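*Asks:* File name upload.tsv; file contents TSV, C-alpha atoms; full text below.
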```tsv
chain	number	residue	atom	x	y	z
A	1464	MET	CA	-18.96	3.28	-10.14
A	1465	HIS	CA	-17.06	4.39	-7.04
A	1466	ALA	CA	-15.87	8.01	-7.11
A	1467	LEU	CA	-12.21	6.97	-6.95
A	1468	LEU	CA	-12.53	4.78	-10.03
A	1469	GLU	CA	-14.33	7.61	-11.82
A	1470	LEU	CA	-11.47	9.96	-10.94
A	1471	ALA	CA	-8.96	7.48	-12.36
A	1472	GLY	CA	-10.74	7.79	-15.70
A	1473	LYS	CA	-10.10	11.54	-15.72
A	1474	LYS	CA	-6.53	11.92	-14.43
A	1475	THR	CA	-3.60	10.11	-12.85
A	1476	VAL	CA	-4.66	9.50	-9.25
A	1477	LEU	CA	-1.88	10.20	-6.74
A	1478	PHE	CA	-1.46	8.13	-3.60
A	1479	ASP	CA	0.77	8.96	-0.64
A	1480	GLY	CA	4.35	7.90	0.04
A	1481	GLY	CA	5.84	5.86	2.84
A	1482	MET	CA	4.19	5.93	6.26
A	1483	GLY	CA	7.00	3.96	7.93
A	1484	THR	CA	9.53	6.40	6.48
A	1485	MET	CA	7.72	9.30	8.12
A	1486	LEU	CA	7.21	7.53	11.46
A	1487	MET	CA	10.89	6.64	11.70
A	1488	ALA	CA	11.82	10.23	10.92
A	1489	ALA	CA	9.52	11.23	13.79
A	1490	GLY	CA	11.29	8.92	16.24
A	1491	LEU	CA	9.77	5.46	15.85
A	1492	LYS	CA	12.32	3.01	17.23
A	1493	ALA	CA	13.22	-0.47	15.98
A	1494	GLY	CA	10.86	-3.04	17.46
A	1495	GLU	CA	8.23	-0.45	18.35
A	1496	CYS	CA	4.68	-1.00	17.07
A	1497	PRO	CA	3.96	1.69	14.44
A	1498	GLU	CA	0.21	1.13	14.56
A	1499	MET	CA	0.04	1.90	18.29
A	1500	TRP	CA	0.91	5.49	17.47
A	1501	ASN	CA	-2.71	5.82	16.27
A	1502	ILE	CA	-3.62	5.62	19.97
A	1503	GLU	CA	-0.49	6.99	21.64
A	1504	LYS	CA	0.47	9.82	19.25
A	1505	PRO	CA	-2.65	10.58	17.17
A	1506	SER	CA	-1.80	14.21	16.35
A	1507	LEU	CA	1.55	13.15	14.86
A	1508	VAL	CA	-0.09	10.53	12.64
A	1509	THR	CA	-2.79	12.98	11.53
A	1510	ASP	CA	-0.08	15.52	10.67
A	1511	ILE	CA	1.66	12.99	8.41
A	1512	HIS	CA	-1.61	12.36	6.55
A	1513	ARG	CA	-2.19	16.10	6.22
A	1514	LYS	CA	1.28	16.66	4.77
A	1515	TYR	CA	0.61	14.07	2.07
A	1516	TYR	CA	-2.72	15.62	1.13
A	1517	GLU	CA	-1.12	19.05	1.00
A	1518	ALA	CA	1.64	17.67	-1.25
A	1519	GLY	CA	-0.95	16.53	-3.78
A	1520	SER	CA	-2.11	13.05	-2.73
A	1521	ASP	CA	-5.66	12.16	-3.77
A	1522	VAL	CA	-5.56	9.07	-1.53
A	1523	VAL	CA	-3.68	8.35	1.70
A	1524	HIS	CA	-3.23	5.03	3.47
A	1525	THR	CA	-4.14	4.60	7.11
A	1526	ASN	CA	-1.37	3.75	9.59
A	1527	THR	CA	-2.60	0.16	9.85
A	1528	PHE	CA	-0.19	-1.81	7.66
A	1529	GLY	CA	0.52	-4.35	10.42
A	1530	GLY	CA	-2.94	-4.05	11.94
A	1531	ASN	CA	-4.17	-7.64	11.66
A	1532	VAL	CA	-4.40	-9.68	14.89
A	1533	ILE	CA	-1.72	-12.15	13.79
A	1534	LYS	CA	0.88	-9.44	13.20
A	1535	LEU	CA	-0.17	-7.46	16.27
A	1536	ALA	CA	0.27	-10.58	18.42
A	1537	ASP	CA	4.02	-10.36	17.70
A	1538	ARG	CA	3.91	-6.92	19.38
A	1539	HIS	CA	1.70	-8.21	22.21
A	1540	VAL	CA	-1.14	-5.81	21.34
A	1541	SER	CA	-3.55	-8.07	19.45
A	1542	ASP	CA	-6.27	-7.18	21.96
A	1543	ARG	CA	-6.13	-3.60	20.64
A	1544	MET	CA	-6.77	-4.58	17.02
A	1545	GLU	CA	-10.20	-2.98	16.64
A	1546	ALA	CA	-9.16	0.27	18.32
A	1547	ILE	CA	-5.91	0.51	16.34
A	1548	ASN	CA	-7.70	0.17	13.00
A	1549	ALA	CA	-10.77	2.25	13.81
A	1550	GLU	CA	-8.60	5.06	15.20
A	1551	GLY	CA	-6.24	4.81	12.24
A	1552	ALA	CA	-9.18	5.31	9.90
A	1553	LYS	CA	-10.52	8.23	11.94
A	1554	LEU	CA	-7.14	10.02	11.98
A	1555	ALA	CA	-6.82	9.84	8.19
A	1556	ARG	CA	-10.47	10.88	7.84
A	1557	GLN	CA	-9.81	13.96	10.00
A	1558	ALA	CA	-7.01	15.06	7.69
A	1559	CYS	CA	-8.88	14.24	4.47
A	1560	PRO	CA	-10.06	17.28	2.46
A	1561	PRO	CA	-13.31	17.19	0.47
A	1562	GLY	CA	-12.98	15.23	-2.75
A	1563	LYS	CA	-10.05	13.14	-1.49
A	1564	PHE	CA	-10.00	9.55	-0.23
A	1565	VAL	CA	-8.83	7.34	2.65
A	1566	ALA	CA	-7.54	3.82	1.95
A	1567	GLY	CA	-7.56	1.27	4.75
A	1568	ASP	CA	-4.08	-0.25	4.68
A	1569	MET	CA	-3.85	-4.04	5.08
A	1570	GLY	CA	-0.40	-5.65	5.04
A	1571	PRO	CA	0.73	-9.27	5.44
A	1572	THR	CA	0.54	-11.36	8.60
A	1573	GLY	CA	4.28	-11.99	8.63
A	1574	LYS	CA	3.63	-15.76	8.68
A	1575	LEU	CA	3.85	-18.41	5.98
A	1576	ILE	CA	0.67	-20.24	5.05
A	1577	LYS	CA	0.56	-24.04	5.31
A	1578	PRO	CA	2.24	-26.23	4.17
A	1579	LEU	CA	5.25	-23.87	3.99
A	1580	GLY	CA	4.43	-22.47	7.43
A	1581	ASP	CA	2.07	-22.96	10.36
A	1582	LEU	CA	-0.68	-20.50	9.39
A	1583	ALA	CA	-3.95	-21.94	8.08
A	1584	VAL	CA	-5.36	-19.95	5.17
A	1585	GLU	CA	-8.73	-19.80	6.98
A	1586	GLU	CA	-7.04	-18.19	9.99
A	1587	ALA	CA	-5.42	-15.56	7.76
A	1588	GLU	CA	-8.74	-14.82	6.04
A	1589	GLU	CA	-10.52	-14.38	9.39
A	1590	ALA	CA	-7.79	-12.01	10.60
A	1591	PHE	CA	-8.09	-9.89	7.46
A	1592	PHE	CA	-11.88	-9.89	7.71
A	1593	ARG	CA	-11.78	-8.54	11.25
A	1594	GLN	CA	-9.26	-5.86	10.28
A	1595	ALA	CA	-11.29	-4.79	7.25
A	1596	GLN	CA	-14.42	-4.56	9.41
A	1597	ALA	CA	-12.66	-2.26	11.88
A	1598	LEU	CA	-11.28	-0.07	9.09
A	1599	LEU	CA	-14.69	0.35	7.48
A	1600	LYS	CA	-16.21	1.08	10.87
A	1601	GLY	CA	-13.62	3.84	11.27
A	1602	GLY	CA	-14.65	5.42	7.97
A	1603	VAL	CA	-12.29	4.42	5.14
A	1604	ASP	CA	-13.44	4.79	1.53
A	1605	LEU	CA	-11.66	1.71	0.20
A	1606	LEU	CA	-9.39	-1.14	1.28
A	1607	SER	CA	-5.80	-1.47	0.09
A	1608	ILE	CA	-4.08	-4.85	0.41
A	1609	GLU	CA	-0.38	-4.23	-0.15
A	1610	THR	CA	3.20	-5.50	0.11
A	1611	MET	CA	2.04	-9.10	-0.26
A	1612	PHE	CA	4.82	-11.56	-1.12
A	1613	SER	CA	2.41	-14.48	-1.51
A	1614	LEU	CA	-0.48	-14.58	-3.95
A	1615	GLU	CA	-2.29	-17.05	-1.68
A	1616	GLU	CA	-2.16	-14.66	1.27
A	1617	ALA	CA	-3.17	-11.72	-0.90
A	1618	LEU	CA	-6.18	-13.69	-2.13
A	1619	ALA	CA	-7.14	-14.55	1.46
A	1620	ALA	CA	-7.17	-10.81	2.24
A	1621	LEU	CA	-9.08	-10.05	-0.95
A	1622	ARG	CA	-11.76	-12.65	-0.21
A	1623	ALA	CA	-12.10	-11.26	3.31
A	1624	ALA	CA	-12.47	-7.70	2.06
A	1625	LYS	CA	-15.02	-8.68	-0.57
A	1626	LYS	CA	-17.26	-10.26	2.08
A	1627	LEU	CA	-17.94	-6.74	3.37
A	1628	GLY	CA	-20.02	-5.59	0.44
A	1629	ASP	CA	-19.59	-2.94	-2.21
A	1630	VAL	CA	-16.27	-1.44	-1.10
A	1631	PRO	CA	-13.48	-0.95	-3.66
A	1632	VAL	CA	-10.47	-3.17	-3.00
A	1633	ILE	CA	-6.91	-2.72	-4.27
A	1634	ALA	CA	-4.79	-5.88	-4.41
A	1635	SER	CA	-1.02	-5.31	-4.51
A	1636	LEU	CA	1.80	-7.83	-4.79
A	1637	THR	CA	5.53	-7.30	-4.42
A	1638	PHE	CA	7.60	-8.57	-7.33
A	1639	ASN	CA	11.32	-9.21	-7.75
A	1640	ARG	CA	13.10	-8.78	-11.07
A	1641	THR	CA	14.86	-11.93	-12.29
A	1642	LYS	CA	16.58	-12.96	-15.50
A	1643	LYS	CA	13.32	-14.65	-16.52
A	1644	GLY	CA	11.12	-11.65	-15.67
A	1645	PHE	CA	9.08	-10.45	-12.70
A	1646	PHE	CA	8.02	-12.95	-10.01
A	1647	THR	CA	6.82	-12.85	-6.42
A	1648	MET	CA	8.96	-14.37	-3.67
A	1649	MET	CA	6.77	-17.48	-4.04
A	1650	GLY	CA	7.51	-17.71	-7.76
A	1651	GLU	CA	4.18	-16.41	-9.09
A	1652	SER	CA	4.19	-14.53	-12.40
A	1653	VAL	CA	2.44	-11.29	-13.33
A	1654	ASN	CA	-0.08	-13.15	-15.51
A	1655	GLN	CA	-0.85	-15.64	-12.73
A	1656	ALA	CA	-1.44	-12.82	-10.27
A	1657	VAL	CA	-3.61	-10.78	-12.61
A	1658	SER	CA	-5.79	-13.76	-13.53
A	1659	ALA	CA	-6.31	-14.73	-9.87
A	1660	PHE	CA	-7.02	-11.15	-8.72
A	1661	GLU	CA	-9.53	-10.57	-11.51
A	1662	LYS	CA	-11.39	-13.80	-10.70
A	1663	ALA	CA	-11.50	-12.82	-7.01
A	1664	GLY	CA	-12.99	-9.42	-7.82
A	1665	ALA	CA	-10.15	-6.94	-7.22
A	1666	ASP	CA	-11.14	-3.45	-8.38
A	1667	VAL	CA	-7.59	-2.16	-8.81
A	1668	LEU	CA	-4.48	-4.27	-9.49
A	1669	ALA	CA	-1.25	-3.02	-8.00
A	1670	THR	CA	2.39	-3.56	-7.15
A	1671	ASN	CA	4.52	-1.89	-4.50
A	1672	CYS	CA	7.81	-2.16	-2.62
A	1673	SER	CA	11.00	-4.15	-3.43
A	1674	LEU	CA	11.57	-2.40	-6.76
A	1675	GLY	CA	12.65	1.17	-7.50
A	1676	SER	CA	10.97	3.38	-10.04
A	1677	ARG	CA	13.19	2.37	-13.01
A	1678	ASP	CA	12.28	-1.32	-12.72
A	1679	MET	CA	8.65	-0.41	-12.12
A	1680	ILE	CA	8.43	1.05	-15.63
A	1681	ASP	CA	8.84	-2.37	-17.23
A	1682	LEU	CA	6.62	-4.04	-14.61
A	1683	THR	CA	3.88	-1.50	-15.38
A	1684	LYS	CA	4.04	-2.45	-19.05
A	1685	GLU	CA	3.57	-6.13	-18.17
A	1686	LEU	CA	0.64	-5.38	-15.88
A	1687	ARG	CA	-0.99	-3.14	-18.48
A	1688	ALA	CA	-0.67	-5.85	-21.13
A	1689	ALA	CA	-2.32	-8.36	-18.79
A	1690	THR	CA	-5.37	-6.39	-17.59
A	1691	LYS	CA	-7.84	-3.67	-18.50
A	1692	LYS	CA	-8.52	-2.85	-14.85
A	1693	PRO	CA	-7.03	0.26	-13.20
A	1694	ILE	CA	-3.40	-0.16	-12.11
A	1695	LEU	CA	-1.68	1.37	-9.06
A	1696	ILE	CA	2.15	1.52	-8.98
A	1697	GLN	CA	4.06	2.41	-5.78
A	1698	PRO	CA	7.86	2.15	-6.18
A	1699	ASN	CA	10.54	2.54	-3.55
A	1700	ALA	CA	12.88	5.54	-3.70
A	1701	GLY	CA	15.53	3.58	-5.58
A	1702	LYS	CA	17.64	0.77	-4.17
A	1703	PRO	CA	18.32	0.77	-0.42
A	1704	VAL	CA	21.82	1.33	0.92
A	1705	THR	CA	22.69	0.05	4.42
A	1706	GLN	CA	25.55	1.63	6.35
A	1707	LYS	CA	26.27	0.86	10.02
A	1708	GLY	CA	22.91	-0.86	10.33
A	1709	VAL	CA	20.96	2.11	8.96
A	1710	THR	CA	19.09	1.71	5.67
A	1711	SER	CA	18.55	4.73	3.44
A	1712	TYR	CA	17.28	5.36	-0.08
A	1713	GLN	CA	19.38	7.44	-2.46
A	1714	GLN	CA	16.94	8.54	-5.17
A	1715	SER	CA	15.93	12.20	-5.29
A	1716	PRO	CA	12.30	13.35	-5.57
A	1717	ALA	CA	13.06	14.79	-9.03
A	1718	GLU	CA	14.46	11.49	-10.32
A	1719	PHE	CA	11.48	9.62	-8.86
A	1720	ALA	CA	9.05	12.02	-10.54
A	1721	GLN	CA	10.78	11.67	-13.93
A	1722	ASP	CA	10.44	7.89	-13.74
A	1723	ALA	CA	6.82	8.26	-12.60
A	1724	LYS	CA	6.09	10.09	-15.83
A	1725	GLU	CA	7.31	7.02	-17.75
A	1726	ILE	CA	5.30	4.79	-15.42
A	1727	ARG	CA	2.17	6.77	-16.26
A	1728	ASN	CA	2.97	6.63	-19.97
A	1729	SER	CA	3.42	2.85	-19.63
A	1730	GLY	CA	-0.17	2.46	-18.47
A	1731	ALA	CA	-0.48	3.28	-14.76
A	1732	ASP	CA	-3.76	4.91	-13.69
A	1733	MET	CA	-2.63	5.56	-10.13
A	1734	ILE	CA	0.86	6.26	-8.73
A	1735	GLY	CA	2.27	6.66	-5.24
A	1736	GLY	CA	5.45	5.89	-3.33
A	1737	CYS	CA	6.66	3.18	-0.97
A	1738	CYS	CA	9.81	2.83	1.17
A	1739	GLY	CA	12.01	5.91	1.31
A	1740	THR	CA	9.44	8.29	-0.16
A	1741	ASN	CA	7.93	11.23	1.73
A	1742	PRO	CA	5.76	14.30	0.95
A	1743	GLU	CA	8.61	15.86	-1.08
A	1744	PHE	CA	8.40	12.92	-3.47
A	1745	ILE	CA	4.64	13.27	-3.81
A	1746	ARG	CA	4.93	17.01	-4.39
A	1747	ALA	CA	7.51	16.38	-7.14
A	1748	LEU	CA	5.19	13.74	-8.57
A	1749	ALA	CA	2.26	16.15	-8.55
A	1750	GLU	CA	4.30	18.87	-10.25
A	1751	GLU	CA	5.62	16.50	-12.91
A	1752	LEU	CA	2.20	15.04	-13.68
A	1753	GLY	CA	0.33	18.33	-13.45
A	1754	ASN	CA	-1.76	17.29	-10.45
A	1755	LEU	CA	-0.87	20.01	-7.98
A	1756	PRO	CA	-3.91	21.23	-6.02
```
I need this file expressed as structure tokens, please.
*Replies:*
Amino acid sequence: MHALLELAGKKTVLFDGGMGTMLMAAGLKAGECPEMWNIEKPSLVTDIHRKYYEAGSDVVHTNTFGGNVIKLADRHVSDRMEAINAEGAKLARQACPPGKFVAGDMGPTGKLIKPLGDLAVEEAEEAFFRQAQALLKGGVDLLSIETMFSLEEALAALRAAKKLGDVPVIASLTFNRTKKGFFTMMGESVNQAVSAFEKAGADVLATNCSLGSRDMIDLTKELRAATKKPILIQPNAGKPVTQKGVTSYQQSPAEFAQDAKEIRNSGADMIGGCCGTNPEFIRALAEELGNLP
């Protein structure tokens, strides 16, 4: 068994918080490519990783969320894909203390798969395969597929990752809360997602983004009832508020940590943060769950 999965059997494993949140606080402008900072501002990216480890994270994500060639083409830097991902992995590796882990972050392509859109599922799978290769070459310990709105796209990424051998893979979908329960943007249920992920060989089942920590408590219960595999939960810092074109999150680290305790008690094996969270949130989480280094 991989060391991370062993650790999850002993304690609640803590992931990091938002990378985008930290990059924007450091000056990332709208329309700028966050992943290019791995090449242009490496010391800043490494410092963000280090702050999360120091706050109590057992695992941090690389700054490669939009690092597939399809997404990078929108920023006109698809030719830098391998360097962006390999460097992203190396920067997180540099900051990683002994006994901690680096997760290669793989987000969506930003395109809809046929017939809803123009992207062939084979093209998506090839893009994810190339990204995963570059991340592993850079030295990540595991691959983390996250913020997926479509089960089909998530499965394409999962198949691609699993072609690369015995590397642990986290598969995370984003759910919305409706009157009928939790569903993805494409209308897929929790049970549908769990069944498909398990068949495709996901090592950890996860959900992140869209929902704040209060809603994630109930979603955790549904996930736990549907699977025996480890579960990772990464909520946003409450509901976003937009004023004068600027979006902010109103939840405090203490409130987030209190909810995280209920999330753990509802069956989560691993917990981190998504949009609006930063090292203060992870530190509060570590203190609340007794995981401080």
*Asks:* Which of these residues is nearest to Ala1749 in chain A, using only C-alpha atoms: A:Arg1593, A:Lys1474, A:His1539, A:Lys1534?
*Replies:* A:Lys1474
*Asks:* Just the residues within 9 Å of Ala1665 in chain A, please, counting all atoms listed in the file, with nothing from its chain fewer than 6 positions along; format it as a list in words.
*Replies:* Leu1621, Lys1625, Pro1631, Val1632, Ile1633, Ala1634 and Lys1692 of chain A
*Asks:* Which residues come within 7 Å of Val1523 in chain A, counting all atoms listed in the file, excluding same-chain residues fewer than 3 positions away, as a list in words?
*Replies:*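 Surrounding residues, per the criterion: Phe1478, Asp1479, His1512, Ser1520, Phe1564, Val1565 and Ala1566 of chain A.
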*Asks:* Would you please work out which residue, of A:Ala1493, A:Val1522, A:Val1508, A:Ile1502, is nearest to Glu1545 in chain A when using all atoms listed in the file?
*Replies:*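 Smallest separation from Glu1545 in chain A among the options: A:Ile1502.
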*Asks:* Mind checking which residues fall within 12 Å of Thr1683 in chain A, counting all atoms listed in the file, ignoring those fewer than 3 positions away in the same chain, and posting them as a ChimeraX atom specification?
*Replies:* /A:1638,1645,1653,1668-1671,1674,1676-1680,1686-1690,1693-1698,1722-1734
*Asks:* Which residues, written as an NGL selection string, have at least one atom at most 10 Å from Gln1594 in chain A, with only C-alpha atoms counted and residues fewer than 6 positions away on the same chain left out?
*Replies:* :A and (1527 or 1529-1532 or 1544-1545 or 1547-1549 or 1567-1569 or 1588 or 1600 or 1620 or 1623-1624)
*Asks:* Please report the interatomic distance between CA of Pro1716 in chain A and CA of Ser1506 in chain A in Å with one decimal.
*Replies:*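 Separation between CA of Pro1716 in chain A and CA of Ser1506 in chain A: 26.1 Å.
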*Asks:* Have a look at A:Ile1533, A:Met1648, A:Leu1468, A:Ala1595 and name the one nearest to Ala1583 in chain A; count all atoms listed in the file.
*Replies:*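 Of the candidates, the smallest distance to Ala1583 in chain A is held by A:Ile1533.
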*Asks:* Report the distance between CA of Ala1717 in chain A and CA of Leu1682 in chain A in Å, rounded to one decimal place.
*Replies:* 20.7 Å
*Asks:* Just to confirm, what's the straight-line distance from CA of Val1476 in chain A to CA of Met1649 in chain A in Å (one decimal)?
*Replies:*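 Interatomic distance here is 29.8 Å.
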*Asks:* Which polymer residues, protein or nucleic acid, are no farther than 10 Å from (-12.1, 11.4, 0.4), counting all atoms listed in the file, as a PDB file with C-alpha atoms, in the coordinates of the input?
*Replies:*
```
ATOM      1  CA  ALA A1466     -15.870   8.010  -7.110  1.00  0.00           C
ATOM      2  CA  LEU A1467     -12.210   6.970  -6.950  1.00  0.00           C
ATOM      3  CA  ASP A1521      -5.660  12.160  -3.770  1.00  0.00           C
ATOM      4  CA  VAL A1522      -5.560   9.070  -1.530  1.00  0.00           C
ATOM      5  CA  VAL A1523      -3.680   8.350   1.700  1.00  0.00           C
ATOM      6  CA  ALA A1555      -6.820   9.840   8.190  1.00  0.00           C
ATOM      7  CA  ARG A1556     -10.470  10.880   7.840  1.00  0.00           C
ATOM      8  CA  ALA A1558      -7.010  15.060   7.690  1.00  0.00           C
ATOM      9  CA  CYS A1559      -8.880  14.240   4.470  1.00  0.00           C
ATOM     10  CA  PRO A1560     -10.060  17.280   2.460  1.00  0.00           C
ATOM     11  CA  PRO A1561     -13.310  17.190   0.470  1.00  0.00           C
ATOM     12  CA  GLY A1562     -12.980  15.230  -2.750  1.00  0.00           C
ATOM     13  CA  LYS A1563     -10.050  13.140  -1.490  1.00  0.00           C
ATOM     14  CA  PHE A1564     -10.000   9.550  -0.230  1.00  0.00           C
ATOM     15  CA  VAL A1565      -8.830   7.340   2.650  1.00  0.00           C
ATOM     16  CA  ALA A1566      -7.540   3.820   1.950  1.00  0.00           C
ATOM     17  CA  GLY A1602     -14.650   5.420   7.970  1.00  0.00           C
ATOM     18  CA  VAL A1603     -12.290   4.420   5.140  1.00  0.00           C
ATOM     19  CA  ASP A1604     -13.440   4.790   1.530  1.00  0.00           C
ATOM     20  CA  LEU A1605     -11.660   1.710   0.200  1.00  0.00           C
TER      21      LEU A1605
END
```
*Asks:* Using only C-alpha atoms for the distances, tell me which of A:Val1667, A:Leu1575, A:Leu1477, A:Leu1582 is nearest to Glu1517 in chain A.
*Replies:* A:Leu1477
*Asks:* Between A:Gly1701, A:Gly1664, A:Pro1578, A:Gly1644, which one has atoms that come closest to Asp1681 in chain A, using only C-alpha atoms?
*Replies:*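 Counting only C-alpha atoms, the residue closest to Asp1681 in chain A is A:Gly1644.
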*Asks:* From the list A:Leu1554, A:Ser1711, A:Gly1736, A:Asp1666, which residue is nearest Asn1699 in chain A when using all atoms listed in the file?
*Replies:* A:Gly1736
